[in-house]
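Q: I'm passing along work-v5.txt; it holds compact mmCIF, C-alpha atoms and all ligand atoms.
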# COMPACT_ATOMS: atom_id res chain seq x y z
CA MET P 1 -44.83 71.52 36.80
CA VAL P 2 -43.41 71.33 40.34
CA LYS P 3 -42.33 68.09 41.96
CA SER P 4 -43.22 67.79 45.63
CA LEU P 5 -42.82 65.09 48.25
CA ALA P 6 -46.27 64.53 49.76
CA ALA P 7 -48.08 62.10 52.08
CA LEU P 8 -50.43 60.19 49.78
CA LEU P 9 -53.51 58.39 51.14
CA ARG P 10 -54.71 55.66 48.76
CA GLU P 11 -57.18 53.88 51.05
CA SER P 12 -58.86 54.74 54.34
CA GLY P 13 -59.51 52.40 57.26
CA ALA P 14 -56.01 50.96 57.64
CA GLU P 15 -55.23 48.86 60.68
CA LEU P 16 -53.72 50.45 63.79
CA PRO P 17 -51.02 51.24 64.53
CA TYR P 18 -50.45 53.36 61.45
CA VAL P 19 -46.73 53.25 62.05
CA LYS P 20 -46.99 49.58 60.96
CA SER P 21 -49.74 49.75 58.28
CA ARG P 22 -48.37 53.09 56.92
CA PRO P 23 -51.52 54.38 55.15
CA LEU P 24 -49.77 57.68 54.44
CA GLU P 25 -47.00 57.04 51.97
CA ILE P 26 -44.42 59.71 51.15
CA VAL P 27 -44.27 59.89 47.35
CA GLU P 28 -43.22 62.47 44.79
CA VAL P 29 -46.30 64.08 43.23
CA GLU P 30 -46.46 66.65 40.47
CA LEU P 31 -48.26 69.95 40.89
CA ALA P 32 -49.66 71.93 37.98
CA PRO P 33 -48.61 75.58 37.91
CA PRO P 34 -51.02 77.83 39.83
CA GLY P 35 -53.94 78.77 37.57
CA THR P 36 -55.95 81.96 37.50
CA GLY P 37 -56.52 83.20 41.04
CA GLU P 38 -54.24 80.53 42.52
CA VAL P 39 -50.87 80.56 44.27
CA LEU P 40 -48.13 78.01 44.87
CA VAL P 41 -47.17 77.85 48.55
CA LYS P 42 -44.07 76.28 50.07
CA ILE P 43 -45.48 74.61 53.18
CA GLU P 44 -43.36 75.29 56.27
CA SER P 45 -45.65 73.83 58.93
CA ALA P 46 -48.76 71.63 58.80
CA GLY P 47 -51.03 70.66 61.69
CA ILE P 48 -52.26 67.15 62.50
CA CYS P 49 -55.98 67.72 63.06
CA HIS P 50 -58.76 65.32 63.97
CA SER P 51 -60.51 65.89 60.64
CA ASP P 52 -57.45 64.51 58.84
CA LEU P 53 -57.58 61.47 61.13
CA SER P 54 -61.31 61.06 60.38
CA VAL P 55 -60.56 60.76 56.66
CA LEU P 56 -57.65 58.42 57.37
CA ASN P 57 -59.70 56.07 59.56
CA GLY P 58 -62.73 56.24 57.25
CA THR P 59 -65.28 57.93 59.52
CA ARG P 60 -65.36 60.89 57.10
CA PRO P 61 -65.20 59.46 53.58
CA ARG P 62 -63.54 61.64 50.93
CA PRO P 63 -62.61 60.95 47.28
CA LEU P 64 -59.37 58.95 47.19
CA PRO P 65 -56.50 58.89 46.54
CA LEU P 66 -55.80 62.27 48.10
CA ILE P 67 -53.24 64.39 49.90
CA LEU P 68 -54.41 65.17 53.44
CA GLY P 69 -53.69 68.25 55.56
CA HIS P 70 -55.82 71.39 55.89
CA GLU P 71 -54.07 73.49 58.57
CA SER P 72 -50.81 75.08 57.47
CA ALA P 73 -48.53 78.05 57.11
CA GLY P 74 -45.99 78.75 54.42
CA VAL P 75 -44.57 81.16 51.88
CA VAL P 76 -46.00 82.11 48.47
CA VAL P 77 -43.44 81.10 45.84
CA GLU P 78 -45.43 81.61 42.62
CA ILE P 79 -48.62 83.43 41.71
CA GLY P 80 -51.11 82.67 38.95
CA ALA P 81 -52.82 85.14 36.65
CA GLY P 82 -55.12 87.71 38.18
CA VAL P 83 -54.03 87.23 41.79
CA LYS P 84 -54.48 90.45 43.71
CA GLY P 85 -53.27 91.15 47.22
CA LEU P 86 -50.60 88.42 47.31
CA LYS P 87 -47.03 88.41 46.01
CA VAL P 88 -44.07 86.06 45.99
CA GLY P 89 -42.50 85.94 49.47
CA ASP P 90 -45.73 86.61 51.38
CA HIS P 91 -46.32 84.48 54.47
CA VAL P 92 -49.77 82.90 54.55
CA THR P 93 -51.95 80.59 56.61
CA SER P 94 -54.47 78.30 54.94
CA VAL P 95 -58.22 78.24 55.50
CA PHE P 96 -59.95 74.88 55.01
CA LEU P 97 -63.08 76.27 53.38
CA PRO P 98 -62.57 78.57 50.40
CA SER P 99 -65.41 81.08 50.18
CA CYS P 100 -66.51 82.06 46.67
CA GLY P 101 -67.53 85.59 47.65
CA THR P 102 -70.61 85.57 45.43
CA CYS P 103 -73.07 82.91 46.73
CA ILE P 104 -75.96 84.00 48.96
CA GLU P 105 -74.10 82.83 52.10
CA CYS P 106 -70.96 84.76 51.23
CA ARG P 107 -72.97 87.86 50.27
CA SER P 108 -74.84 87.59 53.59
CA GLY P 109 -71.57 87.91 55.50
CA THR P 110 -71.32 84.23 56.46
CA PRO P 111 -68.42 82.91 54.32
CA ALA P 112 -68.09 79.93 56.69
CA PHE P 113 -71.31 78.63 55.12
CA CYS P 114 -70.17 79.08 51.49
CA SER P 115 -72.03 76.40 49.53
CA VAL P 116 -69.70 76.61 46.51
CA GLY P 117 -66.60 75.97 48.66
CA ALA P 118 -68.36 73.17 50.54
CA THR P 119 -69.23 71.46 47.24
CA SER P 120 -65.72 71.69 45.80
CA ASN P 121 -64.29 70.43 49.10
CA SER P 122 -66.57 67.40 49.12
CA ARG P 123 -65.56 66.61 45.53
CA GLY P 124 -61.87 66.83 46.44
CA GLU P 125 -61.42 69.63 43.91
CA MET P 126 -60.19 73.19 43.85
CA ILE P 127 -62.93 75.83 44.09
CA ARG P 128 -62.35 76.71 40.39
CA GLY P 129 -62.81 73.02 39.55
CA GLY P 130 -60.47 70.10 38.91
CA THR P 131 -57.32 69.06 40.72
CA ARG P 132 -53.75 70.32 40.43
CA ILE P 133 -52.04 67.18 41.77
CA THR P 134 -50.99 64.10 39.81
CA PHE P 135 -49.02 60.98 40.75
CA ASN P 136 -47.70 58.77 37.94
CA GLY P 137 -50.18 60.46 35.63
CA GLN P 138 -53.16 59.77 37.92
CA SER P 139 -55.26 62.66 39.20
CA ILE P 140 -55.07 63.04 43.01
CA SER P 141 -57.82 64.68 45.10
CA HIS P 142 -57.28 67.77 47.22
CA TYR P 143 -58.36 67.83 50.84
CA ALA P 144 -60.35 70.92 51.85
CA GLY P 145 -58.68 72.84 49.03
CA VAL P 146 -55.42 72.76 50.98
CA SER P 147 -53.60 69.35 50.88
CA CYS P 148 -50.65 70.61 52.89
CA TYR P 149 -48.95 67.31 53.84
CA SER P 150 -46.71 68.21 50.95
CA GLN P 151 -43.62 70.33 50.35
CA TYR P 152 -45.63 72.56 48.04
CA ALA P 153 -49.36 73.11 47.53
CA VAL P 154 -51.47 74.95 44.96
CA LEU P 155 -54.12 76.95 46.78
CA ASP P 156 -56.82 79.27 45.60
CA GLU P 157 -56.14 82.81 46.79
CA ARG P 158 -59.43 82.53 48.71
CA SER P 159 -57.95 79.60 50.69
CA VAL P 160 -55.17 81.69 52.22
CA VAL P 161 -54.88 84.68 54.51
CA LYS P 162 -51.72 86.81 54.42
CA LEU P 163 -49.82 87.16 57.69
CA PRO P 164 -47.01 89.40 58.92
CA ASP P 165 -43.57 87.80 58.44
CA ASP P 166 -42.68 87.66 62.13
CA ILE P 167 -45.33 85.11 63.20
CA PRO P 168 -43.60 81.72 63.64
CA PHE P 169 -44.89 79.22 61.06
CA ASP P 170 -45.81 76.65 63.74
CA VAL P 171 -48.01 79.28 65.43
CA ALA P 172 -49.45 80.59 62.16
CA ALA P 173 -50.38 77.08 61.01
CA LEU P 174 -52.88 76.78 63.87
CA PHE P 175 -54.64 80.05 63.05
CA GLY P 176 -56.55 78.56 60.10
CA CYS P 177 -58.22 75.58 61.78
CA ALA P 178 -57.75 75.02 65.54
CA LEU P 179 -57.95 78.69 66.51
CA LEU P 180 -60.52 79.78 63.95
CA THR P 181 -62.78 76.86 64.89
CA GLY P 182 -62.28 76.97 68.66
CA ILE P 183 -62.22 80.71 69.28
CA GLY P 184 -64.95 81.25 66.67
CA ALA P 185 -67.25 78.77 68.42
CA VAL P 186 -67.03 80.82 71.62
CA ARG P 187 -67.11 84.32 70.17
CA ASN P 188 -69.19 83.97 66.99
CA SER P 189 -71.42 80.93 67.55
CA ALA P 190 -72.06 81.18 71.31
CA ASN P 191 -71.55 84.96 71.45
CA ALA P 192 -70.12 84.42 74.96
CA LYS P 193 -70.32 87.47 77.20
CA PRO P 194 -68.05 88.55 80.07
CA GLY P 195 -69.13 86.90 83.30
CA GLN P 196 -71.02 84.05 81.63
CA SER P 197 -70.23 80.56 82.87
CA LEU P 198 -68.74 78.36 80.15
CA GLY P 199 -67.62 74.77 79.73
CA VAL P 200 -65.43 73.14 77.07
CA TRP P 201 -65.72 69.38 76.46
CA GLY P 202 -62.76 67.73 74.71
CA LEU P 203 -59.37 69.38 75.16
CA GLY P 204 -57.57 68.83 71.87
CA GLY P 205 -56.26 71.62 69.68
CA VAL P 206 -59.74 72.98 68.96
CA GLY P 207 -61.02 72.54 72.52
CA LEU P 208 -58.06 74.33 74.09
CA SER P 209 -58.41 77.06 71.45
CA ALA P 210 -62.04 77.41 72.57
CA LEU P 211 -60.75 77.69 76.12
CA ILE P 212 -58.38 80.48 75.05
CA GLY P 213 -61.39 82.13 73.36
CA ALA P 214 -63.32 81.84 76.62
CA VAL P 215 -60.49 83.55 78.52
CA ILE P 216 -60.33 86.34 75.88
CA SER P 217 -64.12 86.72 76.17
CA LYS P 218 -63.78 86.95 79.99
CA ALA P 219 -66.21 84.09 80.56
CA SER P 220 -66.38 83.05 84.22
CA PRO P 221 -66.18 80.51 85.69
CA ILE P 222 -64.61 78.37 82.96
CA PHE P 223 -64.86 74.58 83.11
CA ALA P 224 -62.63 72.23 81.07
CA ILE P 225 -63.67 68.58 80.74
CA ASP P 226 -61.48 65.76 79.40
CA PRO P 227 -60.49 62.24 80.52
CA VAL P 228 -56.75 62.92 80.02
CA ALA P 229 -55.11 64.36 83.17
CA SER P 230 -52.27 66.15 81.32
CA LYS P 231 -54.81 68.03 79.18
CA ARG P 232 -56.77 69.08 82.27
CA LYS P 233 -53.54 70.37 83.80
CA LEU P 234 -52.80 72.38 80.65
CA ALA P 235 -56.36 73.75 80.69
CA LEU P 236 -55.83 75.09 84.21
CA GLU P 237 -52.56 76.73 83.08
CA LEU P 238 -54.41 78.35 80.18
CA GLY P 239 -57.01 79.90 82.47
CA ALA P 240 -59.71 77.33 83.26
CA ASP P 241 -61.14 77.68 86.77
CA PHE P 242 -62.16 74.02 87.04
CA ALA P 243 -60.85 70.96 85.17
CA LEU P 244 -63.07 67.89 85.42
CA ASP P 245 -62.92 64.27 84.37
CA PRO P 246 -66.06 63.35 82.35
CA SER P 247 -67.10 61.06 85.24
CA GLU P 248 -67.46 64.13 87.49
CA ASN P 249 -70.70 66.09 87.48
CA LEU P 250 -70.24 69.76 86.56
CA ARG P 251 -73.42 70.62 88.46
CA ASP P 252 -71.75 69.52 91.72
CA GLN P 253 -69.58 72.65 91.26
CA LEU P 254 -72.18 74.84 89.56
CA PRO P 255 -75.72 73.60 90.29
CA ALA P 256 -77.33 75.88 87.68
CA GLY P 257 -75.12 74.49 84.89
CA VAL P 258 -73.15 76.60 82.41
CA MET P 259 -74.63 79.29 80.18
CA VAL P 260 -72.34 78.29 77.31
CA ALA P 261 -71.28 74.69 76.61
CA ILE P 262 -68.78 74.04 73.79
CA GLU P 263 -68.47 70.43 72.62
CA CYS P 264 -65.20 69.71 70.81
CA ALA P 265 -64.79 65.96 71.29
CA GLY P 266 -66.80 64.95 68.22
CA ARG P 267 -68.86 62.33 70.06
CA ALA P 268 -72.62 62.17 70.43
CA ASP P 269 -72.35 61.06 74.08
CA THR P 270 -70.12 64.04 74.86
CA LEU P 271 -72.59 66.36 73.12
CA LYS P 272 -75.33 64.87 75.29
CA ALA P 273 -73.24 65.50 78.43
CA ALA P 274 -72.55 69.08 77.32
CA TYR P 275 -76.26 69.64 76.62
CA GLU P 276 -77.26 68.25 80.02
CA ALA P 277 -74.72 70.51 81.76
CA THR P 278 -76.11 73.55 79.93
CA GLY P 279 -78.18 75.66 82.30
CA ARG P 280 -81.59 77.26 81.80
CA GLY P 281 -81.50 79.71 78.91
CA GLY P 282 -78.06 78.50 77.93
CA THR P 283 -76.52 77.54 74.59
CA THR P 284 -74.81 74.30 73.62
CA VAL P 285 -72.44 74.71 70.67
CA THR P 286 -71.07 71.65 68.91
CA VAL P 287 -67.84 71.83 66.96
CA GLY P 288 -66.61 68.23 66.87
CA LEU P 289 -67.42 65.90 63.98
CA PRO P 290 -68.95 62.65 65.26
CA PRO P 291 -69.13 59.57 63.00
CA ALA P 292 -72.04 60.02 60.56
CA ALA P 293 -74.06 57.14 62.04
CA GLU P 294 -74.13 58.55 65.60
CA MET P 295 -77.50 59.87 66.82
CA LEU P 296 -78.10 62.36 69.61
CA SER P 297 -80.70 61.48 72.23
CA ILE P 298 -81.82 64.22 74.61
CA SER P 299 -84.92 65.06 76.63
CA ALA P 300 -87.20 66.75 74.11
CA LEU P 301 -89.04 68.49 76.93
CA SER P 302 -85.89 70.05 78.38
CA LEU P 303 -85.18 71.99 75.20
CA VAL P 304 -88.43 73.90 75.75
CA SER P 305 -88.79 73.93 79.52
CA ASP P 306 -85.16 75.00 80.04
CA VAL P 307 -85.26 77.35 77.01
CA LYS P 308 -82.02 75.91 75.64
CA THR P 309 -80.36 76.38 72.26
CA ILE P 310 -78.24 73.82 70.40
CA ARG P 311 -76.05 75.25 67.65
CA GLY P 312 -73.67 73.69 65.18
CA SER P 313 -70.51 75.62 64.44
CA TYR P 314 -68.38 75.06 61.35
CA LEU P 315 -65.15 77.00 60.80
CA GLY P 316 -66.12 78.83 64.00
CA SER P 317 -68.88 80.58 62.01
CA ALA P 318 -65.97 82.90 61.29
CA ASN P 319 -64.91 85.31 58.62
CA PRO P 320 -61.23 84.28 58.35
CA ARG P 321 -60.27 87.58 56.72
CA PHE P 322 -61.40 89.48 59.83
CA ASP P 323 -60.74 86.90 62.53
CA ILE P 324 -57.20 85.80 61.61
CA PRO P 325 -55.69 89.34 61.61
CA GLU P 326 -57.29 89.77 65.04
CA PHE P 327 -55.50 86.59 66.22
CA VAL P 328 -52.23 88.23 65.19
CA ASP P 329 -53.03 91.15 67.51
CA PHE P 330 -54.02 88.79 70.34
CA TRP P 331 -50.81 86.80 69.86
CA ARG P 332 -48.65 89.94 69.92
CA ALA P 333 -50.38 91.08 73.12
CA GLY P 334 -49.58 87.74 74.77
CA ASN P 335 -53.23 86.67 74.92
CA LEU P 336 -52.95 83.78 72.47
CA PRO P 337 -50.53 81.24 73.98
CA VAL P 338 -50.54 79.07 70.84
CA GLU P 339 -47.07 77.70 71.66
CA LYS P 340 -48.59 75.90 74.67
CA LEU P 341 -50.87 73.93 72.34
CA LEU P 342 -47.92 72.51 70.39
CA THR P 343 -47.14 69.01 71.62
CA SER P 344 -44.49 68.19 69.03
CA VAL P 345 -42.82 69.25 65.80
CA SER P 346 -41.74 66.40 63.46
CA PRO P 347 -40.57 65.91 59.89
CA MET P 348 -43.28 64.82 57.42
CA ALA P 349 -41.77 61.32 57.33
CA GLN P 350 -43.27 60.78 60.80
CA VAL P 351 -46.84 61.60 59.78
CA ASN P 352 -48.09 58.04 60.46
CA GLN P 353 -46.66 58.11 64.00
CA ALA P 354 -48.30 61.50 64.52
CA MET P 355 -51.68 60.04 63.49
CA ASP P 356 -51.18 57.18 65.98
CA ALA P 357 -50.48 59.72 68.71
CA LEU P 358 -53.63 61.69 67.84
CA GLN P 359 -55.69 58.49 67.81
CA GLY P 360 -54.28 57.77 71.28
CA ALA P 361 -55.73 61.12 72.45
CA GLN P 362 -52.73 62.03 74.63
CA VAL P 363 -51.54 64.90 72.41
CA VAL P 364 -52.96 68.39 71.84
CA ARG P 365 -51.56 69.70 68.54
CA GLN P 366 -48.69 68.19 66.59
CA VAL P 367 -47.24 69.86 63.53
CA ILE P 368 -45.09 68.39 60.79
CA HIS P 369 -42.54 70.12 58.58
CA PRO P 370 -42.77 68.91 54.98
CA ASN P 371 -39.55 70.69 53.98
ZN ZN P 401 -58.81 70.91 61.40
ZN ZN P 402 -69.75 81.44 48.64
So, in terms of structure tokens, how does the structure I just supplied come out?
A:
Amino acid sequence: MVKSLAALLRESGAELPYVKSRPLEIVEVELAPPGTGEVLVKIESAGICHSDLSVLNGTRPRPLPLILGHESAGVVVEIGAGVKGLKVGDHVTSVFLPSCGTCIECRSGTPAFCSVGATSNSRGEMIRGGTRITFNGQSISHYAGVSCYSQYAVLDERSVVKLPDDIPFDVAALFGCALLTGIGAVRNSANAKPGQSLGVWGLGGVGLSALIGAVISKASPIFAIDPVASKRKLALELGADFALDPSENLRDQLPAGVMVAIECAGRADTLKAAYEATGRGGTTVTVGLPPAAEMLSISALSLVSDVKTIRGSYLGSANPRFDIPEFVDFWRAGNLPVEKLLTSVSPMAQVNQAMDALQGAQVVRQVIHPN
């Protein structure tokens, strides 16, 4: 049994600002020892992602109480029975969807669609069933099989990818969600080709990662669309050719529209704008998670007459075991400026303030240090 300070969420939908209502309470939880195929990880860095905020504010209901956090990097400190390929001292990044390796989706080479992992995630359980976290004797749900707003976390070995020791933890933390989701949307879901025009709507951690993916893919020209001026400025630094406010019409710059449109804002109206800016024969990829009640309204005719494709992309339609090691190579070559996405680094005690800042939409990616 390991004791760990963790940010516990008992109820969603607290009043803003969270710094006053304090929905995330730092408490000491107890973690069961890692079971078969599981590891105990000391969490060094954890990202503040919009999906965590969506659980906090209630737009994405999850079993409560739970420990949030699904984007992290840390060090393996204990291994359970039967763990192969990981040892104590290994640096790892977490992946927010464990893939079972045996379901039809996994066997078809699309672990991002693993139905077994998706089911355990929605139940707030580990992929092998049950939870490993208790607080005052009460069972606490896991979030996405990770629950990294905690000094320590029990993770299934299929929820982590081993990294070289020289990757800074704050960089490595972003590999498993922001980068996998954003870069994967461009490369795997849209299959963007060199010379294709591309637009990214919503310039948070995932959106700017998609932009980095567009630069790596040599898309051209690249448009970046967001209402926040500082994010547009950063997008231009990262390689966008045009940075537009949503009130501006992309087709004023490129009358044919873009061949690839990546929506990362998680809003149906933004998805509509991205679809309408998608040119003939183009593909609109949506990555953001809108509230469940939002409906998308588009011209039904245009889908056919303009031969367009709309695709959803979850986990960047990626295979984390192949994609994350490639990110390491990109980072070493200077092509993955992850440090530029980091707005702030704070202790875990400031997690409520960090959620306020994310809600305010002025930040790109914040990380917290639980230890
Ligand atoms: Zn995330
Ligand atoms: Zn599977």
Q: Step by step, measure atom-to-atom distances between ligand ZN 401 (chain P) and each residue using all atoms listed in the file, keep those at most 8 Å, then write them as a PyMOL selection string.
A: chain P and resi 47-52+70-71+96+177-178+181+206
Q: From the options P:Arg158, P:Arg187, P:Arg22, P:Arg10, which residue's atoms come nearest to ligand ZN 402 (chain P), counting all atoms listed in the file?
A: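 Checking each of P:Arg158, P:Arg187, P:Arg22, P:Arg10 against ligand ZN 402 (chain P), counting all atoms listed in the file, the winner is P:Arg158.
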Q: Considering all atoms listed in the file, give me a table of residues in chain P that are at most 7 Å from ligand ZN 402 (chain P), with the closest atom pair and distance in Å for each, as a Markdown table.
A:
| residue | atom | partner | partner_atom | distance |
| --- | --- | --- | --- | --- |
| P:Ser99 | CA | P:ZN402 | ZN | 4.6 |
| P:Cys100 | CA | P:ZN402 | ZN | 3.8 |
| P:Gly101 | CA | P:ZN402 | ZN | 4.8 |
| P:Thr102 | CA | P:ZN402 | ZN | 5.3 |
| P:Cys103 | CA | P:ZN402 | ZN | 4.1 |
| P:Ile104 | CA | P:ZN402 | ZN | 6.7 |
| P:Glu105 | CA | P:ZN402 | ZN | 5.7 |
| P:Cys106 | CA | P:ZN402 | ZN | 4.4 |
| P:Pro111 | CA | P:ZN402 | ZN | 6.0 |
| P:Cys114 | CA | P:ZN402 | ZN | 3.7 |
| P:Ser115 | CA | P:ZN402 | ZN | 5.6 |
| P:Val116 | CA | P:ZN402 | ZN | 5.3 |
| P:Gly117 | CA | P:ZN402 | ZN | 6.3 |
Q: For P:Leu8, which of P:Ser302, P:Gly176, P:Phe330, P:Met348 is the closest residue, counting all atoms listed in the file?
A: P:Met348
Q: Which is closest to P:Leu234 among P:Val258, P:Val95, P:Leu208, P:Val39, if we use all atoms listed in the file?
A: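 Nearest to P:Leu234: P:Leu208.
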Q: Between P:Val287, P:Ala277, P:Val55, P:Ala190, which has the minimum distance to P:Gly205 (counting all atoms listed in the file)?
A: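 Comparing P:Val287, P:Ala277, P:Val55, P:Ala190 against P:Gly205, the winner is P:Val287.
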Q: Which is closest to P:Ser317 among P:Leu179, P:Ala268, P:Val200, P:Leu40, if we use only C-alpha atoms?
A: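 Among P:Leu179, P:Ala268, P:Val200, P:Leu40, it is P:Leu179 that comes nearest to P:Ser317.
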Q: Please list as a PyMOL selection string every residue within 12 Å of P:Gln138, counting all atoms listed in the file and excluding residues in the same chain fewer than 2 positions away.
A: chain P and resi 10+29-31+64-66+131-136+140-141
Q: Next, write the just-selected residues to a file, as a short mmCIF file (atom, residue, chain, number, x, y, z; two decimals), in the coordinates of the input, keeping C-alpha atoms as the atom set.
A:
data_model
loop_
_atom_site.label_atom_id
_atom_site.label_comp_id
_atom_site.auth_asym_id
_atom_site.auth_seq_id
_atom_site.Cartn_x
_atom_site.Cartn_y
_atom_site.Cartn_z
CA ARG P 10 -54.71 55.66 48.76
CA VAL P 29 -46.30 64.08 43.23
CA GLU P 30 -46.46 66.65 40.47
CA LEU P 31 -48.26 69.95 40.89
CA LEU P 64 -59.37 58.95 47.19
CA PRO P 65 -56.50 58.89 46.54
CA LEU P 66 -55.80 62.27 48.10
CA THR P 131 -57.32 69.06 40.72
CA ARG P 132 -53.75 70.32 40.43
CA ILE P 133 -52.04 67.18 41.77
CA THR P 134 -50.99 64.10 39.81
CA PHE P 135 -49.02 60.98 40.75
CA ASN P 136 -47.70 58.77 37.94
CA ILE P 140 -55.07 63.04 43.01
CA SER P 141 -57.82 64.68 45.10
#
Q: Atom CA of P:Leu303 and atom CA of P:Glu248 are how many Å apart?
A: 23.0 Å
Q: What's around P:Leu24 at 12 Å? Count all atoms listed in the file, leave out sequence neighbours fewer than 3 positions away in its own chain, and write the answer as a PyMOL selection string.
A: chain P and resi 5-14+18-21+27+52-53+55-57+65-69+149-150+348-356
Q: Do you know which residues are at most 10 Å from P:Thr278 counting all atoms listed in the file, after dropping those on the same chain fewer than 5 positions away, and could you put them as a PDB file with C-alpha atoms, keeping the file's coordinate frame?
A:
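Final output, saved to result.pdb:
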ATOM      1  CA  SER P 197     -70.230  80.560  82.870  1.00  0.00           C
ATOM      2  CA  LEU P 198     -68.740  78.360  80.150  1.00  0.00           C
ATOM      3  CA  GLY P 199     -67.620  74.770  79.730  1.00  0.00           C
ATOM      4  CA  LEU P 250     -70.240  69.760  86.560  1.00  0.00           C
ATOM      5  CA  ARG P 251     -73.420  70.620  88.460  1.00  0.00           C
ATOM      6  CA  ALA P 256     -77.330  75.880  87.680  1.00  0.00           C
ATOM      7  CA  GLY P 257     -75.120  74.490  84.890  1.00  0.00           C
ATOM      8  CA  VAL P 258     -73.150  76.600  82.410  1.00  0.00           C
ATOM      9  CA  MET P 259     -74.630  79.290  80.180  1.00  0.00           C
ATOM     10  CA  VAL P 260     -72.340  78.290  77.310  1.00  0.00           C
ATOM     11  CA  ALA P 261     -71.280  74.690  76.610  1.00  0.00           C
ATOM     12  CA  ILE P 262     -68.780  74.040  73.790  1.00  0.00           C
ATOM     13  CA  LYS P 272     -75.330  64.870  75.290  1.00  0.00           C
ATOM     14  CA  ALA P 273     -73.240  65.500  78.430  1.00  0.00           C
ATOM     15  CA  THR P 283     -76.520  77.540  74.590  1.00  0.00           C
ATOM     16  CA  THR P 284     -74.810  74.300  73.620  1.00  0.00           C
ATOM     17  CA  ASP P 306     -85.160  75.000  80.040  1.00  0.00           C
ATOM     18  CA  LYS P 308     -82.020  75.910  75.640  1.00  0.00           C
ATOM     19  CA  THR P 309     -80.360  76.380  72.260  1.00  0.00           C
ATOM     20  CA  ILE P 310     -78.240  73.820  70.400  1.00  0.00           C
TER      21      ILE P 310
END
Q: What is the distance between atom CA of P:Pro23 and atom CA of P:Tyr143, in Å to one decimal?
A: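 It comes out at 15.7 Å.
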Q: Could you please give me, as a list in words, the residues of protein, DNA or RNA lying at most 7 Å from (-41.6, 67.7, 41.4) in the coordinate frame of the file, considering only C-alpha atoms?
A: Met1, Val2, Lys3, Ser4, Glu28, Val29 and Glu30 of chain P
Q: Could those selected residues go to a file with C-alpha atoms, as an mmCIF file, keeping the file's coordinate frame?
A:
data_model
loop_
_atom_site.group_PDB
_atom_site.id
_atom_site.type_symbol
_atom_site.label_atom_id
_atom_site.label_comp_id
_atom_site.auth_asym_id
_atom_site.auth_seq_id
_atom_site.Cartn_x
_atom_site.Cartn_y
_atom_site.Cartn_z
ATOM 1 C CA MET P 1 -44.830 71.520 36.800
ATOM 2 C CA VAL P 2 -43.410 71.330 40.340
ATOM 3 C CA LYS P 3 -42.330 68.090 41.960
ATOM 4 C CA SER P 4 -43.220 67.790 45.630
ATOM 5 C CA GLU P 28 -43.220 62.470 44.790
ATOM 6 C CA VAL P 29 -46.300 64.080 43.230
ATOM 7 C CA GLU P 30 -46.460 66.650 40.470
#
Q: For stretch 142-155 of chain P, what centre and edge lengths in Å (one decimal) does the axis-aligned box get once 6 Å is added on each side of all its listed atoms, as JSON?
A:
{"center_x": -52.0, "center_y": 72.1, "center_z": 49.4, "size_x": 28.7, "size_y": 21.6, "size_z": 20.9}
Q: Atom CA of P:Arg62 and atom CA of P:Glu78, how far apart in Å?
A: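 According to the coordinates, atom CA of P:Glu78 and atom CA of P:Arg62 are separated by 28.2 Å.
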Q: Could you give me, as a PyMOL selection string, the residues within 7 Å of P:Ala219, counting only C-alpha atoms and dropping anything in the same chain fewer than 5 positions from it?
A: chain P and resi 192-198+214
Q: Write out as a VMD selection string the residues lying within 10 Å of P:Lys231, counting only C-alpha atoms and excluding same-chain residues fewer than 3 positions away.
A: chain P and resid 202 to 204 208 224 to 228 234 to 237 243 341 361 to 364
Q: Find, counting all atoms listed in the file, the residue in P:Gly266, P:Ile324, P:Pro34, P:Val285 that gets nearest to P:Asn191.
A: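 When distances to P:Asn191 are compared using all atoms listed in the file, the smallest one comes from P:Val285.
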